[in-house]
Structure formats: C-alpha cells, structure tokens
>>> print(open('coords.txt').read())   # compact mmCIF, C-alpha atoms and all ligand atoms
# COMPACT_ATOMS: atom_id res chain seq x y z
CA MET S 1450 134.82 76.24 178.93
CA LYS S 1451 135.15 79.18 181.29
CA ALA S 1452 134.96 78.45 185.02
CA ILE S 1453 135.76 80.28 188.23
CA VAL S 1454 137.98 77.98 190.29
CA ILE S 1455 140.19 77.98 193.35
CA GLU S 1456 143.69 76.43 193.27
CA GLU S 1457 144.12 76.82 197.02
CA PHE S 1458 141.97 77.81 200.02
CA GLY S 1459 141.85 81.43 201.13
CA GLY S 1460 140.26 84.84 200.54
CA THR S 1461 138.28 86.10 197.57
CA ASP S 1462 141.57 86.75 195.70
CA LYS S 1463 141.90 82.96 195.35
CA LEU S 1464 138.91 82.89 192.96
CA LEU S 1465 140.40 82.65 189.45
CA GLU S 1466 138.92 82.52 185.98
CA GLN S 1467 140.30 79.55 184.01
CA ASN S 1468 139.62 77.51 180.91
CA VAL S 1469 138.82 73.96 182.01
CA PRO S 1470 137.57 70.91 180.08
CA GLU S 1471 133.79 70.74 179.56
CA PRO S 1472 132.33 68.02 181.84
CA LYS S 1473 131.43 64.64 180.31
CA ILE S 1474 128.04 63.24 181.31
CA ASP S 1475 127.26 59.65 182.21
CA ALA S 1476 124.12 57.76 181.13
CA ASN S 1477 122.03 59.13 184.01
CA GLN S 1478 123.06 62.77 183.72
CA VAL S 1479 122.22 65.87 181.76
CA LEU S 1480 124.66 68.56 180.66
CA ILE S 1481 123.25 72.00 181.49
CA LYS S 1482 124.39 75.19 179.76
CA LEU S 1483 124.44 77.56 182.69
CA TYR S 1484 122.53 80.83 182.44
CA ALA S 1485 122.67 81.62 186.17
CA THR S 1486 123.95 80.30 189.48
CA SER S 1487 123.90 81.73 193.00
CA VAL S 1488 126.12 82.11 196.03
CA ASN S 1489 125.40 80.17 199.21
CA PRO S 1490 127.38 80.73 202.42
CA VAL S 1491 128.79 77.20 202.03
CA ASP S 1492 130.67 78.43 198.94
CA THR S 1493 132.62 80.98 200.95
CA LYS S 1494 133.16 78.45 203.75
CA ILE S 1495 134.61 75.90 201.29
CA ARG S 1496 136.72 78.64 199.65
CA GLU S 1497 138.21 79.50 203.03
CA GLY S 1498 139.03 75.83 203.70
CA ALA S 1499 136.60 75.44 206.58
CA MET S 1500 134.86 72.39 205.08
CA ARG S 1501 137.67 70.33 203.59
CA ASP S 1502 135.54 67.17 203.61
CA ALA S 1503 133.25 68.78 201.02
CA ALA S 1504 136.17 69.80 198.80
CA ARG S 1505 137.50 67.83 195.84
CA PRO S 1506 140.96 68.08 194.25
CA PHE S 1507 142.11 71.46 192.87
CA PRO S 1508 141.29 73.21 190.66
CA LEU S 1509 138.01 73.23 192.54
CA ILE S 1510 134.86 74.77 191.06
CA LEU S 1511 132.46 76.05 193.74
CA GLY S 1512 128.73 76.68 193.46
CA GLY S 1513 125.61 74.67 194.32
CA ASP S 1514 122.82 76.04 192.11
CA VAL S 1515 122.26 75.94 188.38
CA ALA S 1516 119.58 77.33 186.07
CA GLY S 1517 119.95 77.01 182.33
CA ILE S 1518 119.07 74.88 179.35
CA VAL S 1519 119.78 71.23 178.66
CA LYS S 1520 122.56 70.78 176.14
CA GLU S 1521 122.90 66.98 176.17
CA VAL S 1522 121.11 64.08 177.82
CA GLY S 1523 122.58 60.72 178.90
CA ASP S 1524 121.41 57.46 177.30
CA ASN S 1525 119.13 56.55 180.23
CA VAL S 1526 117.48 59.97 180.54
CA SER S 1527 113.99 60.30 179.06
CA ARG S 1528 112.54 63.17 181.18
CA PHE S 1529 114.57 65.89 179.48
CA LYS S 1530 115.63 66.81 175.97
CA PRO S 1531 118.04 69.41 174.57
CA ARG S 1532 116.91 73.04 175.03
CA ASP S 1533 114.60 72.26 178.00
CA PRO S 1534 114.80 75.10 180.60
CA VAL S 1535 115.82 73.48 183.92
CA PHE S 1536 117.23 74.16 187.37
CA ALA S 1537 118.93 72.05 190.04
CA ARG S 1538 121.12 71.71 193.10
CA PRO S 1539 123.66 69.21 191.74
CA ARG S 1540 124.87 66.44 194.08
CA VAL S 1541 128.43 67.65 193.49
CA PHE S 1542 129.36 71.34 193.83
CA GLY S 1543 130.75 73.03 190.72
CA THR S 1544 128.29 75.46 189.12
CA TYR S 1545 130.52 78.53 188.64
CA ALA S 1546 131.06 77.31 185.09
CA GLN S 1547 129.55 77.53 181.62
CA TYR S 1548 128.48 73.86 181.64
CA VAL S 1549 127.46 71.63 184.53
CA ALA S 1550 126.88 67.85 184.52
CA VAL S 1551 123.99 66.98 186.84
CA ASP S 1552 122.29 63.69 187.80
CA ALA S 1553 118.95 63.90 186.00
CA ASP S 1554 116.97 62.72 189.05
CA VAL S 1555 117.73 65.97 190.90
CA VAL S 1556 116.86 68.24 187.97
CA ALA S 1557 113.43 69.87 187.51
CA LYS S 1558 111.86 72.00 184.81
CA LYS S 1559 112.42 75.71 185.47
CA PRO S 1560 109.20 77.44 186.62
CA ASP S 1561 107.79 79.41 183.67
CA ASN S 1562 107.20 82.54 185.71
CA LEU S 1563 110.72 82.77 187.14
CA SER S 1564 113.65 84.23 185.23
CA TYR S 1565 116.83 82.16 185.09
CA GLU S 1566 118.33 84.41 187.76
CA GLU S 1567 115.34 83.87 190.04
CA ALA S 1568 115.35 80.12 189.34
CA ALA S 1569 119.05 79.90 190.27
CA ALA S 1570 118.18 81.35 193.68
CA VAL S 1571 115.86 78.48 194.58
CA PRO S 1572 117.39 74.97 194.59
CA LEU S 1573 119.86 74.88 197.50
CA ALA S 1574 118.19 77.41 199.80
CA GLY S 1575 114.65 76.31 198.89
CA GLN S 1576 115.27 72.60 199.40
CA THR S 1577 117.07 73.36 202.69
CA ALA S 1578 114.03 75.29 203.89
CA TRP S 1579 111.64 72.54 202.71
CA GLN S 1580 113.64 69.77 204.38
CA ALA S 1581 113.90 71.76 207.62
CA LEU S 1582 110.18 72.53 207.82
CA VAL S 1583 108.64 69.42 206.31
CA ASP S 1584 111.08 66.49 206.71
CA HIS S 1585 112.55 67.45 210.10
CA GLY S 1586 110.18 70.03 211.60
CA LYS S 1587 106.94 68.17 210.67
CA VAL S 1588 105.20 71.53 210.33
CA LYS S 1589 101.43 71.33 209.83
CA GLU S 1590 98.56 73.73 209.48
CA GLY S 1591 98.12 76.01 212.50
CA ASP S 1592 101.62 75.36 213.93
CA LYS S 1593 103.55 78.27 215.38
CA VAL S 1594 106.93 78.47 213.64
CA LEU S 1595 109.91 80.74 214.37
CA ILE S 1596 112.31 81.31 211.48
CA HIS S 1597 115.64 82.92 212.36
CA ALA S 1598 117.27 85.24 209.80
CA GLY S 1599 114.10 85.55 207.74
CA ALA S 1600 115.77 88.01 205.36
CA GLY S 1601 118.46 85.49 204.36
CA GLY S 1602 118.50 83.07 201.46
CA VAL S 1603 117.13 80.14 203.48
CA GLY S 1604 114.92 82.23 205.77
CA SER S 1605 113.13 84.09 202.97
CA MET S 1606 112.22 80.76 201.33
CA ALA S 1607 111.29 79.21 204.67
CA ILE S 1608 108.82 81.99 205.50
CA GLN S 1609 106.98 81.47 202.23
CA ILE S 1610 106.97 77.67 202.55
CA ALA S 1611 105.78 77.84 206.18
CA LYS S 1612 102.90 80.13 205.13
CA TYR S 1613 102.03 77.69 202.32
CA LEU S 1614 101.93 74.91 204.96
CA GLY S 1615 99.44 76.99 206.96
CA ALA S 1616 101.73 77.95 209.84
CA GLU S 1617 101.67 81.10 211.96
CA VAL S 1618 105.13 82.54 211.37
CA ALA S 1619 107.44 84.64 213.52
CA SER S 1620 110.78 85.71 212.11
CA THR S 1621 113.86 87.68 213.14
CA ALA S 1622 115.77 90.29 211.13
CA SER S 1623 117.13 93.81 211.55
CA GLY S 1624 114.63 96.67 211.45
CA LYS S 1625 115.33 97.57 207.80
CA ASN S 1626 113.85 94.25 206.69
CA GLU S 1627 110.53 94.51 208.55
CA GLU S 1628 108.47 95.52 205.54
CA LEU S 1629 109.95 92.78 203.33
CA LEU S 1630 109.31 90.06 205.88
CA LYS S 1631 105.72 91.19 206.39
CA THR S 1632 105.23 91.15 202.62
CA LEU S 1633 106.48 87.55 202.61
CA GLY S 1634 103.77 86.70 205.15
CA VAL S 1635 105.40 87.00 208.58
CA ASP S 1636 102.76 87.36 211.30
CA ARG S 1637 105.13 88.40 214.10
CA PHE S 1638 108.22 90.37 213.08
CA ILE S 1639 111.05 90.53 215.58
CA ASN S 1640 113.69 93.22 215.18
CA TYR S 1641 116.62 91.47 216.85
CA GLU S 1642 118.28 94.84 217.47
CA GLU S 1643 115.43 95.87 219.76
CA GLU S 1644 113.71 92.72 221.03
CA ASP S 1645 114.96 89.43 222.45
CA PHE S 1646 112.85 86.76 220.73
CA SER S 1647 113.22 84.43 223.69
CA GLU S 1648 111.55 86.98 225.98
CA VAL S 1649 108.52 87.61 223.77
CA LEU S 1650 107.68 84.25 222.12
CA SER S 1651 106.42 81.07 223.79
CA ASP S 1652 104.66 77.78 223.03
CA TYR S 1653 106.14 77.43 219.54
CA ASP S 1654 105.90 74.14 217.62
CA MET S 1655 109.04 74.58 215.57
CA VAL S 1656 112.14 76.76 215.31
CA LEU S 1657 114.34 76.89 212.20
CA ASP S 1658 117.82 77.77 213.42
CA THR S 1659 120.09 79.30 210.78
CA MET S 1660 122.36 81.05 213.29
CA GLY S 1661 123.62 78.52 215.90
CA GLY S 1662 125.37 79.50 219.16
CA ASP S 1663 123.48 81.56 221.68
CA ILE S 1664 120.52 82.06 219.32
CA GLN S 1665 120.11 78.30 219.04
CA HIS S 1666 120.45 77.86 222.80
CA LYS S 1667 117.79 80.51 223.54
CA SER S 1668 115.48 78.94 220.97
CA PHE S 1669 114.77 76.05 223.36
CA LYS S 1670 112.95 78.55 225.58
CA VAL S 1671 110.28 79.40 223.01
CA LEU S 1672 109.35 75.80 222.18
CA LYS S 1673 106.55 73.82 223.76
CA PRO S 1674 107.23 70.23 224.94
CA GLY S 1675 107.10 68.01 221.85
CA GLY S 1676 108.24 70.92 219.65
CA HIS S 1677 111.02 70.70 217.05
CA LEU S 1678 114.33 72.59 217.03
CA VAL S 1679 115.85 72.13 213.59
CA SER S 1680 119.29 73.55 212.85
CA VAL S 1681 121.08 73.87 209.55
CA LEU S 1682 124.23 74.92 211.39
CA GLU S 1683 125.04 72.82 214.45
CA LYS S 1684 123.71 69.99 216.54
CA PRO S 1685 121.45 71.22 219.37
CA ASP S 1686 122.20 70.27 222.99
CA GLU S 1687 120.83 66.73 223.40
CA HIS S 1688 120.68 66.81 227.21
CA LEU S 1689 118.70 70.03 227.29
CA ALA S 1690 116.41 68.68 224.58
CA LYS S 1691 115.74 65.54 226.61
CA ASP S 1692 115.02 67.51 229.78
CA LEU S 1693 112.56 69.78 227.98
CA GLY S 1694 111.00 67.11 225.75
CA ILE S 1695 112.08 68.84 222.52
CA HIS S 1696 112.83 66.99 219.27
CA THR S 1697 116.04 68.18 217.66
CA ALA S 1698 117.67 67.80 214.26
CA HIS S 1699 120.77 69.03 212.53
CA PHE S 1700 121.11 68.18 208.85
CA MET S 1701 122.91 68.93 205.60
CA MET S 1702 120.47 69.38 202.75
CA GLU S 1703 120.30 66.65 200.14
CA PRO S 1704 119.12 67.37 196.61
CA LYS S 1705 115.78 65.69 195.88
CA GLY S 1706 114.12 66.03 192.49
CA ASP S 1707 110.56 65.59 193.76
CA GLN S 1708 111.03 68.41 196.28
CA LEU S 1709 112.46 70.70 193.62
CA GLU S 1710 109.43 69.95 191.45
CA LYS S 1711 107.19 70.87 194.40
CA LEU S 1712 109.06 74.18 194.79
CA ALA S 1713 108.67 74.80 191.04
CA GLU S 1714 104.92 74.19 191.40
CA LEU S 1715 104.73 76.70 194.27
CA ALA S 1716 106.67 79.23 192.18
CA ASN S 1717 104.34 78.68 189.24
CA GLN S 1718 101.37 79.27 191.56
CA GLY S 1719 102.92 82.52 192.78
CA LYS S 1720 103.38 81.10 196.30
CA LEU S 1721 107.19 81.12 196.22
CA LYS S 1722 109.06 84.12 194.89
CA PRO S 1723 112.82 84.31 195.41
CA ILE S 1724 114.17 87.58 196.78
CA ILE S 1725 117.26 88.71 194.88
CA ASP S 1726 119.75 90.89 196.74
CA SER S 1727 122.08 91.54 193.82
CA THR S 1728 123.35 90.05 190.56
CA TYR S 1729 126.94 89.71 189.36
CA TRP S 1730 128.55 88.40 186.17
CA LEU S 1731 130.22 85.00 185.94
CA ASN S 1732 133.80 86.28 185.74
CA GLU S 1733 136.65 86.57 188.21
CA GLN S 1734 135.71 90.01 189.50
CA GLY S 1735 131.99 89.25 189.53
CA VAL S 1736 132.36 86.13 191.66
CA ARG S 1737 134.86 87.81 193.99
CA ASP S 1738 132.40 90.67 194.54
CA ALA S 1739 129.52 88.23 195.02
CA HIS S 1740 131.49 86.37 197.71
CA LYS S 1741 132.36 89.66 199.44
CA LYS S 1742 128.67 90.53 199.51
CA SER S 1743 127.77 87.14 200.98
CA GLU S 1744 130.44 87.56 203.65
CA THR S 1745 128.74 90.70 204.96
CA HIS S 1746 126.07 88.27 206.35
CA HIS S 1747 123.49 90.95 205.57
CA ALA S 1748 122.43 90.18 202.01
CA VAL S 1749 118.67 90.40 201.57
CA GLY S 1750 117.62 87.14 199.94
CA LYS S 1751 119.97 85.61 197.41
CA ILE S 1752 123.08 86.73 195.55
CA VAL S 1753 122.90 85.63 191.94
CA ILE S 1754 125.62 85.18 189.32
CA ARG S 1755 124.58 85.34 185.70
CA ALA S 1756 126.37 83.95 182.69
CA LYS S 1757 124.01 85.32 180.05
N1 LIG S 1801 122.83 72.52 206.57
C1 LIG S 1801 122.56 72.88 205.33
O1 LIG S 1801 122.32 72.05 204.45
C2 LIG S 1801 122.53 74.37 204.99
C3 LIG S 1801 121.93 74.78 203.81
C4 LIG S 1801 121.86 76.15 203.54
C5 LIG S 1801 122.41 77.06 204.43
N2 LIG S 1801 123.02 76.61 205.55
C6 LIG S 1801 123.62 77.59 206.49
O2 LIG S 1801 122.58 78.38 207.03
C7 LIG S 1801 123.06 79.70 207.28
C8 LIG S 1801 122.12 80.69 206.63
O3 LIG S 1801 122.19 80.54 205.21
P1 LIG S 1801 121.57 81.67 204.28
O4 LIG S 1801 121.84 81.28 202.87
O5 LIG S 1801 120.19 81.96 204.68
O6 LIG S 1801 122.54 82.90 204.69
P2 LIG S 1801 122.47 84.40 204.25
O7 LIG S 1801 121.50 84.57 203.13
O8 LIG S 1801 123.86 84.86 204.03
O9 LIG S 1801 121.90 85.14 205.56
C9 LIG S 1801 121.95 86.52 205.59
C10 LIG S 1801 120.85 87.05 206.47
O10 LIG S 1801 121.15 86.79 207.85
C11 LIG S 1801 120.48 87.79 208.59
N3 LIG S 1801 121.08 87.95 209.91
C12 LIG S 1801 122.36 88.28 210.21
N4 LIG S 1801 122.51 88.31 211.56
C13 LIG S 1801 121.30 88.02 212.10
C14 LIG S 1801 120.80 87.88 213.44
N5 LIG S 1801 121.60 88.06 214.50
N6 LIG S 1801 119.51 87.53 213.62
C15 LIG S 1801 118.68 87.32 212.57
N7 LIG S 1801 119.09 87.47 211.27
C16 LIG S 1801 120.38 87.78 211.06
C17 LIG S 1801 120.62 89.05 207.77
O11 LIG S 1801 119.49 89.88 208.01
P3 LIG S 1801 119.74 91.37 208.60
O12 LIG S 1801 120.57 92.08 207.54
O13 LIG S 1801 118.36 91.93 208.77
O14 LIG S 1801 120.52 91.20 209.86
C18 LIG S 1801 120.68 88.54 206.34
O15 LIG S 1801 119.52 88.81 205.60
C19 LIG S 1801 124.49 79.74 206.76
O16 LIG S 1801 125.40 79.57 207.82
C20 LIG S 1801 124.56 78.56 205.82
O17 LIG S 1801 125.85 78.03 205.65
C21 LIG S 1801 123.10 75.29 205.86
>>> encode(input="coords.txt", output="structure tokens")
Amino acid sequence: MKAIVIEEFGGTDKLLEQNVPEPKIDANQVLIKLYATSVNPVDTKIREGAMRDAARPFPLILGGDVAGIVKEVGDNVSRFKPRDPVFARPRVFGTYAQYVAVDADVVAKKPDNLSYEEAAAVPLAGQTAWQALVDHGKVKEGDKVLIHAGAGGVGSMAIQIAKYLGAEVASTASGKNEELLKTLGVDRFINYEEEDFSEVLSDYDMVLDTMGGDIQHKSFKVLKPGGHLVSVLEKPDEHLAKDLGIHTAHFMMEPKGDQLEKLAELANQGKLKPIIDSTYWLNEQGVRDAHKKSETHHAVGKIVIRAK
C-alpha cells in the first residue's frame, strides 16, 4: 500500500511516499481503508524528532486520525462489518497510509452528516477537547470557561463542546477570527493582538491552555479559587496553584471509544461541526504542504488530507 513515511527526523523534505506492507489486524482490530486523515501539531513535532518517546522504528508513518470504511474485522469484533463508515484516533500513530489497523474499541461509526474529510478532523482534537473540559476541567452548566487559541483544531472543538455543556465561553484568537469564533458560540471574544486576557477576565471556573509559557502563567490570574487550569502542553506551576487554590492538570489525550461516540452524536445533532482550514492529497507533496501549513501555527480549524 501507499504510505507517507519518514526514514529520519527533520524538515518536511523528510516526508517520503513509499510502498509498505498492508497492516495485519489482530482479533480485536479492524482494518480501515482510509478516505481521509488530518494533521495535528504532534505530527510535525514527531517528524522533527522532538518527541522520540512517541516514535517507533523507521520507516515511521505519522498521523493520528482516520476516517474511512471497514475492510476487514478481527475474529473477536462484532460491532463492525466490512463497508461500515467509521472514524477513529488509533492508539498507535500511523494514518498517513491507505490502510490502518485500529483497535475496534476506539472506533466509532462516522456521523452521517459529516463528510469523510470532516470526520477525519474530529477524533484527536475532539477527544482532547472533551477530556480537557469534561474529565479534567469538570465543566458544568453555567461555568465560565476560557479557551485559548479558539481558532485552532482543539480550540474550535472545545468552544462547541463547552457551549453544549452549558458554559459561558471566552476565547482568544487574532482579530481575523472574531466572526468565526462568535459563530461557534463564543460569548466573549478576545483579540490577543489588542487585549490582554488576564487584564479583562476574572472569576473563571476553567481555563483550557493550548499555548503554555507566559499565556499559561497569566491564566492563573483569571481563575477563581477552586477553578481548574488544564493544559495540553505543559504542567502548570504546582506551587502557584497551591497558593491560589487552583486545581491543575496536564495530560496527553487517550483514545476512548465511548467519547468518540458521544462526539459523533453531537455531530449528528448539529452541535459539533469541524472547521476545515484546507485539504491536501495523500501524496508526498500534499503531506509536505499540509505540514508546512500546520507549522504556520495560524491554520483556522483543521488541516485535512484526503485519499479519495
Ligand atoms: N496533550 C495532548 O494530548 C494534545 C492534544 C492535541 C493538541 N495538543 C497540543 O495543543 C496545541 C494546540 O493544538 P491545535 O491542534 O489546536 O493547534 P493548531 O490548530 O495548530 O492551532 C492553531 C491556532 O492557534 C492560534 N494561535 C496562535 N497563536 C495564538 C495566540 N498567541 N493566542 C491565541 N491563539 C493563537 C491561531 O489563531 P490565530 O491565527 O487567530 O492566531 C490558530 O488558529 C499544540 O501544541 C498541540 O501539540 C496536545
């Protein structure tokens, strides 16, 4: 099968199209014929060699989202059958390929009202947002929630999920994304080029930090005692958290089938609609261009790669 692999860490020129063996599934897996995948910033970080713990031996296939149809099911799998439309964030990266073997327990049926490209935008970013808000942030109806980088892949999902949970949502982005974020449901838009969020927000219940550094540090200031600072990037300062009475969390998302089914339900109800920045083809040039776009750090929503 065709796959886009790296043979060594480095720039986008290290992404190469190769013929590799089709994956073999075990009894608890399904083989998915890939129609679309997407780029997440972790892909470019792994490509550069910044996360060697997450890397497997070369040639390494990157990619953490798959949408497509089931080609084969393992002996123990009864929830899916060949030709079912599905999507997933596999436990093991490797979706820049024509076929992907995925543990069936993290696969869900593709929402009927999303295209394959839209469905491929959801699993990694959507489950990250869900786990940040629900599992770690304990967001409930009426909570005040600040979502950093609301125009990004995670942020644009998080805004919609936070609104579904009944939260009052503030979010940061550059001025060009104001209209989009308001359409997604943001109650208080903050143009980070003109306003300092930490000077204008206070008494928040939860902050979703997708930026780290100084932005994370200043986020403590907007939280009320007992509030939650949840980062998908780096561990918040424990001493400061203790002094201020703030709960903190830093986590790596884990694929969970029941959460993906919940996201599919929200999509089917029209409550979760992925924002697509751009779409590229699954070939060497397409994936290189998609990575370059991601590395601008200013994509609006998700960058999708289509195979069909
Ligand atoms: N721990 C985990 O499991 C996990 C999971 C997923 C993602 N992550 C990490 O979370 C981060 C975000 O991921 P993502 O997929 O959302 O990234 P992304 O889609 O590449 O984020 C791009 C967005 O960031 C916004 N942005 C850039 N600078 C900003 C600033 N100073 N303030 C506010 N917004 C700003 C841009 O909006 P403007 O163009 O308007 O500036 C753009 O829309 C990445 O570092 C990623 O690796 C971690």
>>> atom_distance(input="coords.txt", atom1="atom CA of Leu1693 of chain S", atom2="atom CA of Tyr1653 of chain S")
13.1 Å
>>> residues_near_ligand(input="coords.txt", ligand="ligand LIG 1801 (chain S)", cutoff="7 Å", atoms="only C-alpha atoms and all ligand atoms", output="CSV table (one decimal) with C-alpha atoms, in the frame of the given file")
chain,number,residue,atom,x,y,z
S,1489,ASN,CA,125.4,80.2,199.2
S,1490,PRO,CA,127.4,80.7,202.4
S,1491,VAL,CA,128.8,77.2,202.0
S,1573,LEU,CA,119.9,74.9,197.5
S,1574,ALA,CA,118.2,77.4,199.8
S,1577,THR,CA,117.1,73.4,202.7
S,1597,HIS,CA,115.6,82.9,212.4
S,1598,ALA,CA,117.3,85.2,209.8
S,1599,GLY,CA,114.1,85.6,207.7
S,1600,ALA,CA,115.8,88.0,205.4
S,1601,GLY,CA,118.5,85.5,204.4
S,1602,GLY,CA,118.5,83.1,201.5
S,1603,VAL,CA,117.1,80.1,203.5
S,1604,GLY,CA,114.9,82.2,205.8
S,1621,THR,CA,113.9,87.7,213.1
S,1622,ALA,CA,115.8,90.3,211.1
S,1623,SER,CA,117.1,93.8,211.6
S,1624,GLY,CA,114.6,96.7,211.4
S,1625,LYS,CA,115.3,97.6,207.8
S,1626,ASN,CA,113.8,94.2,206.7
S,1641,TYR,CA,116.6,91.5,216.8
S,1659,THR,CA,120.1,79.3,210.8
S,1660,MET,CA,122.4,81.0,213.3
S,1681,VAL,CA,121.1,73.9,209.6
S,1682,LEU,CA,124.2,74.9,211.4
S,1700,PHE,CA,121.1,68.2,208.8
S,1701,MET,CA,122.9,68.9,205.6
S,1702,MET,CA,120.5,69.4,202.8
S,1743,SER,CA,127.8,87.1,201.0
S,1746,HIS,CA,126.1,88.3,206.4
S,1747,HIS,CA,123.5,91.0,205.6
S,1748,ALA,CA,122.4,90.2,202.0
S,1749,VAL,CA,118.7,90.4,201.6
S,1750,GLY,CA,117.6,87.1,199.9
S,1751,LYS,CA,120.0,85.6,197.4
>>> closest_residue(input="coords.txt", among="S:Lys1720, S:His1585, S:Arg1538, S:Lys1673", to="Gly1634 of chain S", atoms="all atoms listed in the file")
S:Lys1720
>>> residues_around(input="coords.txt", residues="segment 1476-1479 of chain S", least_positions_apart="4", cutoff="9 Å", atoms="only C-alpha atoms", output="number ranges by chain")
S: 1519-1526, 1529-1530, 1549-1554, 1556
>>> closest_residue(input="coords.txt", among="S:Leu1511, S:Ile1725, S:Val1571, S:Val1671", to="Ile1610 of chain S", atoms="all atoms listed in the file")
S:Val1571
>>> closest_residue(input="coords.txt", among="S:Glu1744, S:Glu1733, S:Asp1561, S:Asp1584", to="Leu1465 of chain S", atoms="only C-alpha atoms")
S:Glu1733
>>> closest_residue(input="coords.txt", among="S:Gly1512, S:Pro1674, S:Gly1735, S:Pro1723", to="Gly1575 of chain S", atoms="all atoms listed in the file")
S:Pro1723
>>> residues_around(input="coords.txt", residues="Glu1590 of chain S", least_positions_apart="4", cutoff="8 Å", atoms="only C-alpha atoms", output="CSV table (one decimal) with C-alpha atoms, in the frame of the given file")
chain,number,residue,atom,x,y,z
S,1614,LEU,CA,101.9,74.9,205.0
S,1615,GLY,CA,99.4,77.0,207.0
S,1616,ALA,CA,101.7,78.0,209.8
>>> closest_residue(input="coords.txt", among="S:Ile1664, S:Ala1452, S:Ile1510, S:Ala1570", to="Thr1728 of chain S", atoms="all atoms listed in the file")
S:Ala1570
>>> closest_residue(input="coords.txt", among="S:Gly1694, S:Gly1460, S:Gly1513, S:Pro1560", to="Tyr1545 of chain S", atoms="all atoms listed in the file")
S:Gly1513
>>> atom_distance(input="coords.txt", atom1="atom CA of Leu1595 of chain S", atom2="atom CA of Thr1745 of chain S")
23.3 Å
>>> atom_distance(input="coords.txt", atom1="atom CA of Gln1734 of chain S", atom2="atom CA of Pro1508 of chain S")
17.7 Å
>>> residues_around(input="coords.txt", residues="segment 1646-1650 of chain S", least_positions_apart="3", cutoff="7 Å", atoms="only C-alpha atoms", output="list of chain:residue names")
S:Ile1639, S:Lys1667, S:Ser1668, S:Lys1670, S:Val1671
>>> residues_around(input="coords.txt", residues="Lys1451 of chain S", least_positions_apart="5", cutoff="7 Å", atoms="all atoms listed in the file", output="PyMOL selection string")
chain S and resi 1466-1469+1546-1547
>>> residues_around(input="coords.txt", residues="segment 1492-1497 of chain S", least_positions_apart="3", cutoff="12 Å", atoms="all atoms listed in the file", output="PyMOL selection string")
chain S and resi 1453-1465+1486-1489+1500-1505+1507-1514+1542-1545+1573+1736-1746+1752
